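Undergrad: My structure is stored as input.txt, with compact mmCIF, C-alpha atoms.
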# COMPACT_ATOMS: atom_id res chain seq x y z
CA MET A 14 19.00 -9.67 6.09
CA GLN A 15 17.41 -7.54 8.81
CA LYS A 16 14.37 -7.01 6.58
CA ILE A 17 13.97 -10.76 6.10
CA LYS A 18 14.28 -11.35 9.87
CA LEU A 19 11.61 -8.70 10.44
CA LEU A 20 9.37 -10.41 7.88
CA LEU A 21 9.79 -13.83 9.50
CA LEU A 22 9.06 -12.35 12.93
CA SER A 23 5.94 -10.66 11.51
CA ILE A 24 4.68 -13.87 9.95
CA THR A 25 5.22 -15.73 13.24
CA ILE A 26 3.25 -13.09 15.15
CA LEU A 27 0.56 -13.04 12.48
CA VAL A 28 0.12 -16.80 12.43
CA HIS A 29 -0.03 -16.72 16.23
CA PHE A 30 -2.73 -14.03 16.08
CA ASN A 31 -4.61 -15.96 13.48
CA ALA A 32 -5.98 -17.37 16.38
CA PHE A 33 -7.28 -13.96 15.17
CA PRO A 34 -10.82 -13.62 16.29
CA GLU A 35 -12.50 -13.77 12.90
CA SER A 36 -15.07 -11.20 11.90
CA HIS A 37 -18.11 -11.14 14.15
CA ASP A 38 -20.26 -13.53 12.15
CA ASN A 39 -17.43 -15.32 10.34
CA SER A 40 -18.36 -13.52 7.17
CA CYS A 41 -15.70 -11.92 4.96
CA TYR A 42 -17.54 -8.67 4.51
CA SER A 43 -18.61 -8.01 8.08
CA ILE A 44 -16.88 -5.19 9.88
CA ASN A 45 -14.60 -6.01 12.79
CA ASP A 46 -13.55 -2.75 14.38
CA PRO A 47 -12.78 -3.22 18.09
CA PHE A 48 -10.41 -0.22 18.03
CA GLU A 49 -13.11 2.13 16.72
CA ASN A 50 -12.58 4.86 19.34
CA TYR A 51 -8.85 5.01 18.63
CA ASN A 52 -9.37 4.56 14.87
CA ARG A 53 -11.84 7.47 14.65
CA LYS A 54 -9.38 9.80 16.40
CA MET A 55 -6.49 8.68 14.17
CA PHE A 56 -8.71 8.99 11.08
CA TRP A 57 -9.51 12.58 12.04
CA PHE A 58 -5.80 13.26 12.73
CA ASN A 59 -4.72 11.86 9.33
CA LYS A 60 -7.53 13.71 7.57
CA THR A 61 -6.47 17.01 9.16
CA LEU A 62 -2.82 16.45 8.23
CA ASP A 63 -3.87 15.60 4.70
CA LYS A 64 -6.01 18.75 4.44
CA VAL A 65 -3.29 21.04 5.77
CA PHE A 66 -0.15 19.62 4.14
CA ILE A 67 -0.84 17.07 1.39
CA ARG A 68 -3.96 18.39 -0.32
CA PRO A 69 -2.46 21.79 -1.23
CA VAL A 70 0.60 20.08 -2.77
CA VAL A 71 -1.63 17.67 -4.69
CA GLY A 72 -3.80 20.60 -5.84
CA ILE A 73 -0.78 22.50 -7.19
CA TYR A 74 0.56 19.38 -8.95
CA ILE A 75 -2.79 18.63 -10.60
CA LYS A 76 -3.10 22.24 -11.83
CA ALA A 77 0.51 22.52 -12.98
CA VAL A 78 1.01 19.15 -14.69
CA PRO A 79 -1.24 18.26 -17.65
CA GLN A 80 -3.18 15.00 -17.42
CA TYR A 81 -0.89 13.34 -19.96
CA GLY A 82 2.16 14.15 -17.85
CA GLN A 83 0.43 12.87 -14.69
CA ASP A 84 -0.41 9.62 -16.46
CA ARG A 85 3.21 9.13 -17.53
CA VAL A 86 4.50 9.69 -13.98
CA HIS A 87 1.90 7.24 -12.66
CA SER A 88 2.86 4.71 -15.34
CA PHE A 89 6.53 5.03 -14.31
CA PHE A 90 5.77 4.26 -10.64
CA ASN A 91 3.34 1.52 -11.62
CA ASN A 92 6.10 -0.20 -13.55
CA LEU A 93 8.39 -0.02 -10.53
CA ARG A 94 5.68 -1.77 -8.48
CA SER A 95 5.94 -4.78 -10.79
CA PRO A 96 8.95 -6.44 -9.05
CA LEU A 97 7.00 -6.55 -5.75
CA THR A 98 3.97 -7.99 -7.58
CA PHE A 99 6.25 -10.56 -9.24
CA VAL A 100 7.69 -11.72 -5.89
CA ASN A 101 4.17 -12.05 -4.47
CA ASN A 102 2.99 -13.95 -7.58
CA ILE A 103 5.83 -16.43 -6.94
CA ILE A 104 5.04 -16.83 -3.21
CA GLN A 105 1.39 -17.38 -4.14
CA GLY A 106 2.52 -20.13 -6.53
CA ASP A 107 0.82 -18.35 -9.43
CA GLY A 108 3.23 -18.98 -12.31
CA LYS A 109 0.89 -17.60 -14.97
CA ALA A 110 0.45 -14.27 -13.16
CA ALA A 111 4.21 -14.14 -12.51
CA SER A 112 4.98 -14.54 -16.21
CA VAL A 113 2.45 -11.79 -17.11
CA THR A 114 3.97 -9.45 -14.49
CA LEU A 115 7.50 -10.18 -15.71
CA GLY A 116 6.40 -9.72 -19.33
CA ARG A 117 4.75 -6.40 -18.49
CA PHE A 118 7.86 -5.23 -16.68
CA ILE A 119 10.21 -6.13 -19.54
CA VAL A 120 7.95 -4.65 -22.24
CA ASN A 121 7.30 -1.42 -20.33
CA THR A 122 10.89 -0.97 -19.18
CA PHE A 123 12.44 -1.41 -22.61
CA LEU A 124 9.75 -0.44 -25.10
CA GLY A 125 8.00 1.93 -22.71
CA VAL A 126 11.15 3.94 -21.89
CA GLY A 127 11.58 2.90 -18.28
CA GLY A 128 7.85 2.45 -17.77
CA ILE A 129 6.82 5.97 -18.77
CA LEU A 130 4.64 4.41 -21.47
CA ASP A 131 2.40 1.45 -20.71
CA PHE A 132 2.93 -0.55 -23.92
CA ALA A 133 2.03 -3.85 -22.26
CA SER A 134 -1.63 -2.80 -21.92
CA LEU A 135 -1.89 -2.87 -25.70
CA PHE A 136 -1.46 -6.65 -25.64
CA ASP A 137 -4.32 -9.02 -24.84
CA ASP A 138 -4.11 -10.91 -21.55
CA MET A 139 -1.49 -8.56 -20.16
CA ASP A 140 -3.79 -6.71 -17.77
CA GLU A 141 -2.13 -5.24 -14.75
CA LYS A 142 -2.98 -7.05 -11.49
CA LYS A 143 -1.03 -5.56 -8.63
CA GLN A 144 -0.30 -7.85 -5.72
CA THR A 145 1.00 -6.99 -2.28
CA PHE A 146 2.01 -9.17 0.64
CA ASP A 147 -1.44 -8.47 2.13
CA ASP A 148 -2.94 -10.19 -0.95
CA THR A 149 -0.54 -13.10 -0.45
CA LEU A 150 -1.59 -13.49 3.18
CA SER A 151 -5.27 -13.45 2.14
CA LYS A 152 -4.53 -16.08 -0.50
CA TYR A 153 -3.25 -18.32 2.30
CA ASP A 154 -6.59 -17.86 4.06
CA ILE A 155 -5.47 -15.43 6.72
CA ARG A 156 -8.45 -13.23 7.51
CA TYR A 157 -8.15 -9.47 7.66
CA GLY A 158 -8.34 -9.41 11.45
CA GLN A 159 -9.29 -5.97 12.70
CA TYR A 160 -9.76 -2.67 10.90
CA LEU A 161 -6.91 -0.34 11.71
CA ILE A 162 -5.93 3.28 11.10
CA LEU A 163 -2.21 3.92 11.53
CA PRO A 164 -0.66 7.37 11.73
CA LEU A 165 0.12 8.93 8.33
CA LEU A 166 -1.01 5.83 6.44
CA SER A 167 -4.09 4.90 4.46
CA PRO A 168 -6.73 2.64 6.11
CA THR A 169 -5.60 -0.90 6.70
CA THR A 170 -6.23 -3.94 8.88
CA THR A 171 -4.06 -5.90 11.31
CA ARG A 172 -3.25 -8.27 8.44
CA GLY A 173 -2.56 -5.30 6.17
CA ALA A 174 -0.14 -3.82 8.72
CA PHE A 175 1.90 -7.04 8.64
CA GLY A 176 1.51 -7.00 4.87
CA LYS A 177 3.18 -3.58 4.75
CA ILE A 178 6.17 -4.98 6.68
CA GLY A 179 6.27 -7.84 4.17
CA ASP A 180 6.21 -5.38 1.27
CA VAL A 181 9.25 -3.57 2.67
CA ALA A 182 11.13 -6.85 3.16
CA LEU A 183 10.19 -8.37 -0.21
CA ASN A 184 10.40 -5.38 -2.52
CA PRO A 185 13.50 -5.83 -4.74
CA ILE A 186 13.65 -2.04 -5.17
CA ASN A 187 14.61 -1.71 -1.50
CA TYR A 188 17.65 -3.91 -2.10
CA ALA A 189 18.64 -2.10 -5.28
CA LEU A 190 18.62 1.35 -3.66
CA HIS A 191 20.46 2.79 -0.67
CA SER A 192 18.26 3.44 2.36
CA LYS A 193 18.09 7.20 1.75
CA GLU A 194 17.23 6.77 -1.93
CA SER A 195 14.72 4.10 -1.00
CA LEU A 196 13.02 6.50 1.42
CA TYR A 197 12.76 9.22 -1.27
CA TYR A 198 11.45 6.67 -3.75
CA HIS A 199 8.70 5.51 -1.36
CA LEU A 200 7.73 9.11 -0.52
CA ALA A 201 7.39 9.91 -4.23
CA GLU A 202 5.50 6.67 -4.87
CA THR A 203 3.09 7.36 -1.99
CA LEU A 204 2.49 10.87 -3.31
CA ASP A 205 1.77 9.42 -6.76
CA LEU A 206 -0.84 7.09 -5.24
CA ARG A 207 -2.36 9.96 -3.26
CA ILE A 208 -2.70 11.93 -6.53
CA GLN A 209 -4.29 8.95 -8.27
CA TYR A 210 -6.84 8.55 -5.48
CA ASN A 211 -7.53 12.27 -5.16
CA ASP A 212 -10.97 12.14 -6.81
CA LEU A 213 -11.95 9.03 -4.87
CA ILE A 214 -10.89 10.61 -1.55
CA LYS A 215 -12.90 13.75 -2.34
CA SER A 216 -15.96 11.79 -3.43
CA THR A 217 -16.02 9.76 -0.20
CA GLU A 218 -16.29 13.03 1.73
CA GLU A 219 -18.97 14.63 -0.39
CA GLY A 220 -22.52 13.72 0.57
CA SER A 221 -21.32 11.52 3.39
CA VAL A 222 -23.20 11.25 6.69
CA ASP A 223 -20.36 9.43 8.49
CA HIS A 224 -17.11 9.74 6.60
CA TYR A 225 -15.23 7.32 8.84
CA GLY A 226 -17.98 4.66 8.55
CA LYS A 227 -18.17 5.10 4.78
CA VAL A 228 -14.41 4.70 4.21
CA ARG A 229 -14.31 1.71 6.58
CA SER A 230 -17.13 -0.08 4.75
CA MET A 231 -15.63 0.66 1.33
CA TYR A 232 -12.20 -0.58 2.42
CA ILE A 233 -13.48 -3.85 3.93
CA GLN A 234 -15.54 -4.54 0.79
CA TYR A 235 -12.52 -3.75 -1.40
CA ILE A 236 -10.11 -6.11 0.39
CA SER A 237 -12.75 -8.83 0.69
CA ARG A 238 -13.41 -8.61 -3.03
CA ARG A 239 -9.68 -9.15 -3.65
CA ASP A 240 -9.61 -12.10 -1.25
CA PRO A 241 -9.88 -15.33 -3.31
CA ASN A 242 -11.42 -17.08 -0.28
CA CYS A 243 -14.37 -14.68 -0.05
CA PRO A 244 -17.46 -15.42 -2.16
CA LEU A 245 -18.29 -12.74 -4.68
CA ASN A 246 -21.57 -10.86 -4.65
CA GLN A 247 -23.03 -12.90 -1.83
CA TYR A 248 -22.90 -10.25 0.82
CA VAL A 249 -25.75 -8.14 -0.49
CA ASP A 250 -29.08 -9.94 -0.47
CA TYR A 251 -31.01 -8.17 -3.19
CA SER A 252 -34.13 -10.20 -2.47
CA GLU A 253 -34.33 -8.64 1.00
CA TYR A 254 -37.46 -6.43 1.29
CA ASP A 255 -38.78 -7.70 -2.07
CA MET B 1411 -56.32 -46.29 -14.03
CA ILE B 1412 -52.69 -47.06 -14.74
CA LYS B 1413 -52.82 -44.83 -17.82
CA ASN B 1414 -54.38 -42.01 -15.79
CA ASN B 1415 -51.62 -42.30 -13.18
CA PHE B 1416 -48.99 -42.29 -15.89
CA THR B 1417 -50.49 -39.16 -17.51
CA THR B 1418 -50.63 -37.43 -14.14
CA GLN B 1419 -46.98 -38.32 -13.50
CA ILE B 1420 -45.94 -37.00 -16.91
CA LYS B 1421 -47.88 -33.78 -16.27
CA THR B 1422 -46.27 -33.42 -12.84
CA ILE B 1423 -42.78 -33.97 -14.26
CA ALA B 1424 -43.51 -31.51 -17.10
CA PHE B 1425 -44.79 -28.95 -14.59
CA PHE B 1426 -41.66 -29.18 -12.44
CA LEU B 1427 -39.44 -29.12 -15.52
CA CYS B 1428 -41.14 -25.88 -16.52
CA LEU B 1429 -40.55 -24.46 -13.05
CA ILE B 1430 -36.87 -25.29 -13.34
CA LEU B 1431 -36.43 -24.17 -16.91
CA ILE B 1432 -38.49 -20.97 -17.01
CA PRO B 1433 -36.43 -18.96 -14.51
CA SER B 1434 -33.21 -19.96 -16.24
CA GLN B 1435 -34.48 -18.90 -19.64
CA PHE B 1436 -32.70 -15.68 -20.44
CA SER B 1437 -33.30 -14.67 -24.00
CA SER B 1438 -31.14 -12.34 -26.02
CA ALA B 1439 -34.19 -10.04 -26.17
CA ASP B 1440 -34.03 -9.71 -22.35
CA GLU B 1441 -30.32 -9.05 -22.55
CA ALA B 1442 -30.83 -6.40 -25.22
CA ASP B 1443 -33.56 -4.72 -23.12
CA ILE B 1444 -31.39 -4.67 -20.00
CA LYS B 1445 -28.42 -3.29 -21.92
CA LYS B 1446 -30.69 -0.63 -23.40
CA PHE B 1447 -32.03 0.25 -19.93
CA VAL B 1448 -28.55 0.67 -18.43
CA GLY B 1449 -27.21 2.40 -21.56
CA ASN B 1450 -30.09 4.91 -21.46
CA ILE B 1451 -29.39 5.80 -17.83
CA ALA B 1452 -25.68 6.34 -18.61
CA ASP B 1453 -26.47 8.40 -21.73
CA ASN B 1454 -29.04 10.54 -19.92
CA ILE B 1455 -26.64 11.25 -17.07
CA ILE B 1456 -23.82 12.15 -19.51
CA LYS B 1457 -26.23 14.46 -21.34
CA VAL B 1458 -27.08 16.29 -18.11
CA VAL B 1459 -23.46 16.52 -16.93
CA LYS B 1460 -22.12 17.72 -20.30
CA ASN B 1461 -24.85 20.29 -20.78
CA GLN B 1462 -22.82 23.50 -20.63
CA GLY B 1463 -24.54 26.69 -19.55
CA THR B 1464 -26.89 25.12 -17.03
CA SER B 1465 -26.55 25.77 -13.32
CA LYS B 1466 -25.47 23.16 -10.79
CA ASP B 1467 -28.94 23.28 -9.19
CA TYR B 1468 -30.57 22.59 -12.54
CA LYS B 1469 -28.23 19.67 -13.18
CA ALA B 1470 -28.75 18.31 -9.65
CA ASN B 1471 -32.53 18.39 -10.07
CA LYS B 1472 -32.33 16.73 -13.49
CA LEU B 1473 -30.19 14.03 -11.90
CA LEU B 1474 -32.79 13.57 -9.15
CA LYS B 1475 -35.41 13.05 -11.87
CA ILE B 1476 -33.26 10.35 -13.51
CA ILE B 1477 -32.77 8.68 -10.11
CA LYS B 1478 -36.49 8.74 -9.30
CA THR B 1479 -37.43 7.31 -12.70
CA ASN B 1480 -34.83 4.56 -12.96
CA PHE B 1481 -33.75 3.62 -9.44
CA ASP B 1482 -35.91 1.57 -7.08
CA THR B 1483 -35.53 4.21 -4.37
CA PRO B 1484 -38.26 2.78 -2.05
CA TRP B 1485 -36.40 -0.55 -1.94
CA MET B 1486 -32.97 1.07 -1.69
CA SER B 1487 -34.08 3.29 1.19
CA LYS B 1488 -35.42 0.26 3.09
CA PHE B 1489 -32.23 -1.71 2.47
CA ALA B 1490 -30.00 1.17 3.57
CA LEU B 1491 -31.82 1.46 6.90
CA GLY B 1492 -32.04 -2.30 7.48
CA ARG B 1493 -34.15 -3.62 10.35
CA ASP B 1494 -34.63 -0.14 11.77
CA TYR B 1495 -36.94 0.75 8.88
CA LYS B 1496 -39.76 -1.27 10.42
CA THR B 1497 -39.57 0.70 13.66
CA LEU B 1498 -40.28 4.03 11.91
CA SER B 1499 -43.72 5.62 12.10
CA SER B 1500 -45.51 6.12 8.77
CA SER B 1501 -44.81 9.87 8.81
CA ASP B 1502 -41.12 9.19 9.52
CA LYS B 1503 -41.05 6.67 6.66
CA LYS B 1504 -42.32 9.36 4.28
CA LYS B 1505 -39.84 11.89 5.61
CA TYR B 1506 -37.00 9.39 5.38
CA LYS B 1507 -37.84 8.42 1.79
CA LYS B 1508 -37.63 12.04 0.68
CA LEU B 1509 -34.41 12.61 2.60
CA TYR B 1510 -32.94 9.44 1.13
CA GLU B 1511 -33.66 10.51 -2.46
CA HIS B 1512 -31.92 13.82 -1.86
CA TYR B 1513 -29.07 12.03 -0.16
CA LEU B 1514 -28.69 9.78 -3.22
CA ARG B 1515 -28.61 12.78 -5.50
CA ASN B 1516 -26.08 14.53 -3.25
CA THR B 1517 -23.87 11.45 -3.15
CA TYR B 1518 -23.88 10.84 -6.88
CA PHE B 1519 -23.85 14.46 -8.05
CA PRO B 1520 -20.22 15.33 -7.16
CA ILE B 1521 -19.00 11.99 -8.55
CA LEU B 1522 -20.86 12.38 -11.83
CA MET B 1523 -19.76 15.99 -12.21
CA LYS B 1524 -16.19 14.68 -12.49
CA TYR B 1525 -17.13 12.96 -15.74
CA ASN B 1526 -14.38 13.70 -18.23
CA ASN B 1527 -15.22 12.12 -21.58
CA GLU B 1528 -14.75 8.54 -20.40
CA SER B 1529 -16.38 5.95 -22.63
CA TYR B 1530 -18.27 2.90 -21.42
CA ASN B 1531 -18.81 -0.60 -22.66
CA ILE B 1532 -21.48 -3.00 -21.37
CA THR B 1533 -19.52 -6.22 -21.24
CA LYS B 1534 -21.82 -8.80 -19.69
CA VAL B 1535 -25.35 -9.40 -18.42
CA VAL B 1536 -25.79 -12.19 -15.90
CA LYS B 1537 -29.10 -13.42 -14.51
CA THR B 1538 -28.50 -13.81 -10.77
CA ALA B 1539 -32.05 -14.67 -9.61
CA ALA B 1540 -35.54 -15.03 -11.06
CA ASN B 1541 -35.87 -11.29 -11.70
CA HIS B 1542 -32.41 -9.95 -10.85
CA TYR B 1543 -29.57 -9.23 -13.24
CA THR B 1544 -26.02 -8.01 -12.90
CA VAL B 1545 -24.79 -5.82 -15.72
CA ALA B 1546 -21.01 -5.48 -15.99
CA VAL B 1547 -19.84 -2.15 -17.36
CA ARG B 1548 -16.27 -1.14 -18.12
CA ILE B 1549 -15.42 2.56 -17.96
CA MET B 1550 -12.46 3.45 -20.15
CA LYS B 1551 -10.20 6.42 -20.57
CA PRO B 1552 -7.12 6.32 -22.80
CA GLY B 1553 -3.90 5.92 -20.82
CA ARG B 1554 -5.73 4.91 -17.63
CA SER B 1555 -6.59 1.55 -16.12
CA PRO B 1556 -10.24 0.71 -16.87
CA ILE B 1557 -12.77 0.84 -14.03
CA ASP B 1558 -15.18 -2.08 -13.65
CA MET B 1559 -18.70 -1.42 -12.46
CA ASP B 1560 -21.61 -3.76 -11.78
CA TYR B 1561 -25.20 -2.56 -12.00
CA THR B 1562 -27.81 -4.67 -10.25
CA VAL B 1563 -31.12 -4.49 -12.09
CA LYS B 1564 -34.52 -5.84 -11.09
CA TYR B 1565 -37.41 -6.61 -13.43
CA GLN B 1566 -40.75 -6.07 -11.76
CA GLY B 1567 -44.18 -4.95 -12.86
CA GLY B 1568 -43.16 -4.84 -16.50
CA GLU B 1569 -40.22 -2.49 -16.01
CA TYR B 1570 -36.55 -2.51 -15.06
CA LYS B 1571 -35.29 -0.70 -11.99
CA LEU B 1572 -31.76 -0.16 -10.75
CA LEU B 1573 -31.02 -1.47 -7.25
CA ASP B 1574 -27.31 -0.92 -6.81
CA MET B 1575 -24.08 0.17 -8.44
CA SER B 1576 -20.80 -1.43 -7.42
CA ILE B 1577 -17.51 0.16 -8.35
CA GLU B 1578 -14.59 -2.30 -8.31
CA GLY B 1579 -16.66 -4.54 -6.04
CA VAL B 1580 -17.71 -1.80 -3.61
CA SER B 1581 -21.49 -1.76 -3.35
CA THR B 1582 -23.19 1.61 -2.93
CA ILE B 1583 -26.16 0.42 -0.88
CA PHE B 1584 -24.06 -1.87 1.31
CA THR B 1585 -21.82 1.12 2.08
CA GLN B 1586 -24.90 3.23 2.85
CA ARG B 1587 -26.28 0.62 5.24
CA SER B 1588 -22.97 0.45 7.03
CA GLU B 1589 -22.71 4.24 7.20
CA PHE B 1590 -26.28 4.68 8.48
CA SER B 1591 -26.09 1.86 11.01
CA THR B 1592 -23.21 3.49 12.93
CA ILE B 1593 -25.20 6.71 13.36
CA LEU B 1594 -28.36 4.80 14.26
CA LYS B 1595 -26.51 2.77 16.90
CA GLN B 1596 -24.69 5.72 18.39
CA SER B 1597 -27.22 8.54 18.12
CA GLY B 1598 -30.61 7.26 16.86
CA THR B 1599 -33.01 8.02 14.03
CA ASP B 1600 -33.33 11.77 14.61
CA ALA B 1601 -29.56 12.19 14.35
CA LEU B 1602 -29.52 10.25 11.07
CA PHE B 1603 -32.35 12.38 9.65
CA LYS B 1604 -30.47 15.51 10.71
CA LYS B 1605 -27.29 14.28 9.01
CA LEU B 1606 -29.21 13.40 5.83
CA SER B 1607 -30.82 16.83 5.74
CA GLU B 1608 -27.43 18.48 6.32
CA THR B 1609 -26.00 16.84 3.21
CA GLU B 1610 -28.94 18.38 1.35
CA ILE B 1611 -27.75 21.86 2.34
CA GLU B 1612 -24.23 21.19 0.98
CA VAL B 1613 -25.44 20.81 -2.60
CA TYR B 1614 -27.75 23.83 -2.75
Translate the structure described by the file into structure tokens.
TA:
Amino acid sequence: MQKIKLLLLSITILVHFNAFPESHDNSCYSINDPFENYNRKMFWFNKTLDKVFIRPVVGIYIKAVPQYGQDRVHSFFNNLRSPLTFVNNIIQGDGKAASVTLGRFIVNTFLGVGGILDFASLFDDMDEKKQTFDDTLSKYDIRYGQYLILPLLSPTTTRGAFGKIGDVALNPINYALHSKESLYYHLAETLDLRIQYNDLIKSTEEGSVDHYGKVRSMYIQYISRRDPNCPLNQYVDYSEYD
Amino acid sequence: MIKNNFTTQIKTIAFFLCLILIPSQFSSADEADIKKFVGNIADNIIKVVKNQGTSKDYKANKLLKIIKTNFDTPWMSKFALGRDYKTLSSSDKKKYKKLYEHYLRNTYFPILMKYNNESYNITKVVKTAANHYTVAVRIMKPGRSPIDMDYTVKYQGGEYKLLDMSIEGVSTIFTQRSEFSTILKQSGTDALFKKLSETEIEVY
């Protein structure tokens, strides 16, 4: 009940702030980063923590566990993300996506031995499309607000921060597990995601002239691309300088 | 007189119809050529990356050759710098172009070196403007979610050139412009050139 109250409070604040100043030129893909000074410092802090504590653990895991094993672990956590996607599909009013998510979850849980095997991907039209509460907010035309780096977390936006609160409140897993178990589950799930993105994280650093600026641009493009209210492929004018 | 007017009108209508129809004509021959162009780039890169027994420097320089031949680096370098390009002196433009090509190589090299027997499938070619095409490519690896890429290709002067690669909707040149513009705003052109040359040192 407390989680639901927190969610309702978050939505109220978010709707109030959506009086949000929109991006500078009202375009989906433009960067709105008024907290840049703070964000850069926090980005550096997170990056240092990652280098010192997380990266060595990830390195050992990648060396010790064969790729096949890593894929099975990832598949297991992916399957457990389905209930949250399902709830978001429902809130978005997307019955078709909800039925696909539910179908995937049933197939992978029972045929795929608790999700270790991704049998659902073998079927046509059963592609995995993860949805979070941030996606739901974007579907209801709430803009991303401001770019934001929070301690210990991956890049986000003001909308994304509220989305994370929504994910905690809406995730059925959090109601099925005790708070301590739930915490361990989320730590393991976050580590799984960090392992999955290991190559991407490394490649953003290599050959970069401004790592912070590069990650920020990539993240804003990524969330805008997922936003159904943002036009696709209209932000790069390829006829410029022709 | 009336007949002459009528003929002129028909000719005018036919002319405008041609103008409308010609750019939208997109034959399967064009599509096959574009697929071949993109497929060749991918195959050549895979050949370089998989070539065991060659040094990293050798591979990096081979990759630079592929970039110079197939990418429209003059256009890409202008786009990445945006309006500031016009303010550069001609000697700085030359210097920047060279630095940019090396920067491209240094950005792509580590990513491409991670190639691990993924297969690719060119799924769609879409004509987006008179001489611009988007080529959708799906990268697949068993047991993993596929990765969708879009290549933007331009046809000019009788040849195809690559303008951009987007991975899951994230455009390479748009990211570069964003990355460069922060340095330009905060520290100026010299600082950007210095940063670009520093990335060069990392690869060698």
Undergrad: If we count all atoms listed in the file, what is near Leu115 of chain A at a cut-off of 9 Å, once residues fewer than 6 positions away on the same chain are taken out, given as number ranges by chain?
TA: A: 95-96, 99
Undergrad: Set the distance at 12 Å and use all atoms listed in the file: which residues neighbour segment 1493-1505 of chain B once local chain neighbours fewer than 4 positions away are removed? I'd like the list as JSON, numbers by chain.
TA: {"A": [253, 254], "B": [1484, 1485, 1486, 1487, 1488, 1489, 1509, 1510, 1511, 1512, 1587, 1590, 1591, 1593, 1594, 1595, 1598, 1599, 1600, 1602, 1603, 1604, 1606, 1607]}
Undergrad: May I have the residues from that selection written out with C-alpha atoms, as a short mmCIF file (atom, residue, chain, number, x, y, z; two decimals), in the frame of the given file?
TA:
data_model
loop_
_atom_site.label_atom_id
_atom_site.label_comp_id
_atom_site.auth_asym_id
_atom_site.auth_seq_id
_atom_site.Cartn_x
_atom_site.Cartn_y
_atom_site.Cartn_z
CA GLU A 253 -34.33 -8.64 1.00
CA TYR A 254 -37.46 -6.43 1.29
CA PRO B 1484 -38.26 2.78 -2.05
CA TRP B 1485 -36.40 -0.55 -1.94
CA MET B 1486 -32.97 1.07 -1.69
CA SER B 1487 -34.08 3.29 1.19
CA LYS B 1488 -35.42 0.26 3.09
CA PHE B 1489 -32.23 -1.71 2.47
CA LEU B 1509 -34.41 12.61 2.60
CA TYR B 1510 -32.94 9.44 1.13
CA GLU B 1511 -33.66 10.51 -2.46
CA HIS B 1512 -31.92 13.82 -1.86
CA ARG B 1587 -26.28 0.62 5.24
CA PHE B 1590 -26.28 4.68 8.48
CA SER B 1591 -26.09 1.86 11.01
CA ILE B 1593 -25.20 6.71 13.36
CA LEU B 1594 -28.36 4.80 14.26
CA LYS B 1595 -26.51 2.77 16.90
CA GLY B 1598 -30.61 7.26 16.86
CA THR B 1599 -33.01 8.02 14.03
CA ASP B 1600 -33.33 11.77 14.61
CA LEU B 1602 -29.52 10.25 11.07
CA PHE B 1603 -32.35 12.38 9.65
CA LYS B 1604 -30.47 15.51 10.71
CA LEU B 1606 -29.21 13.40 5.83
CA SER B 1607 -30.82 16.83 5.74
#
Undergrad: Which value, in Å to one decimal, gives the distance between atom CA of Thr98 of chain A and atom CA of Ala110 of chain A?
TA: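 That distance, rounded to one decimal, is 9.1 Å.
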Undergrad: What's around Asp1482 of chain B at 6 Å? Count all atoms listed in the file, leave out sequence neighbours fewer than 3 positions away in its own chain, and write the answer as a list of chain:residue names.
TA: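 The contact residues come out as B:Trp1485, B:Lys1571, B:Leu1572, B:Leu1573.
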Undergrad: With C-alpha atoms retained, write the just-selected residues as a PDB file, in the coordinates of the input.
TA:
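Output contents, as saved in again.pdb:
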ATOM      1  CA  TRP B1485     -36.400  -0.550  -1.940  1.00  0.00           C
ATOM      2  CA  LYS B1571     -35.290  -0.700 -11.990  1.00  0.00           C
ATOM      3  CA  LEU B1572     -31.760  -0.160 -10.750  1.00  0.00           C
ATOM      4  CA  LEU B1573     -31.020  -1.470  -7.250  1.00  0.00           C
TER       5      LEU B1573
END
Undergrad: Between A:His199, A:Arg94, A:Arg172, A:Lys76, which has the minimum distance to Gln144 of chain A (counting only C-alpha atoms)?
TA: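 Using only C-alpha atoms, Gln144 of chain A sits closest to A:Arg94.
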Undergrad: For Tyr1565 of chain B, work out the shell of residues within 6 Å, counting all atoms listed in the file and skipping chain neighbours fewer than 3 positions away, then give it as a list in words.
TA: Asn1541, Glu1569 and Tyr1570 of chain B
Undergrad: How far is it from atom CA of Phe89 of chain A to atom CA of Lys64 of chain A, in Å with one decimal?
TA: 26.4 Å
Undergrad: Quick check, in Å to one decimal: how far apart do atom CA of Gly1567 of chain B and atom CA of Val1545 of chain B lie?
TA: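 It comes out at 19.6 Å.
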Undergrad: Pick from B:Asp1558, B:Pro1552, B:Ala1490, B:Leu1474: nearest to Thr1533 of chain B, with all atoms listed in the file counted?
TA: B:Asp1558
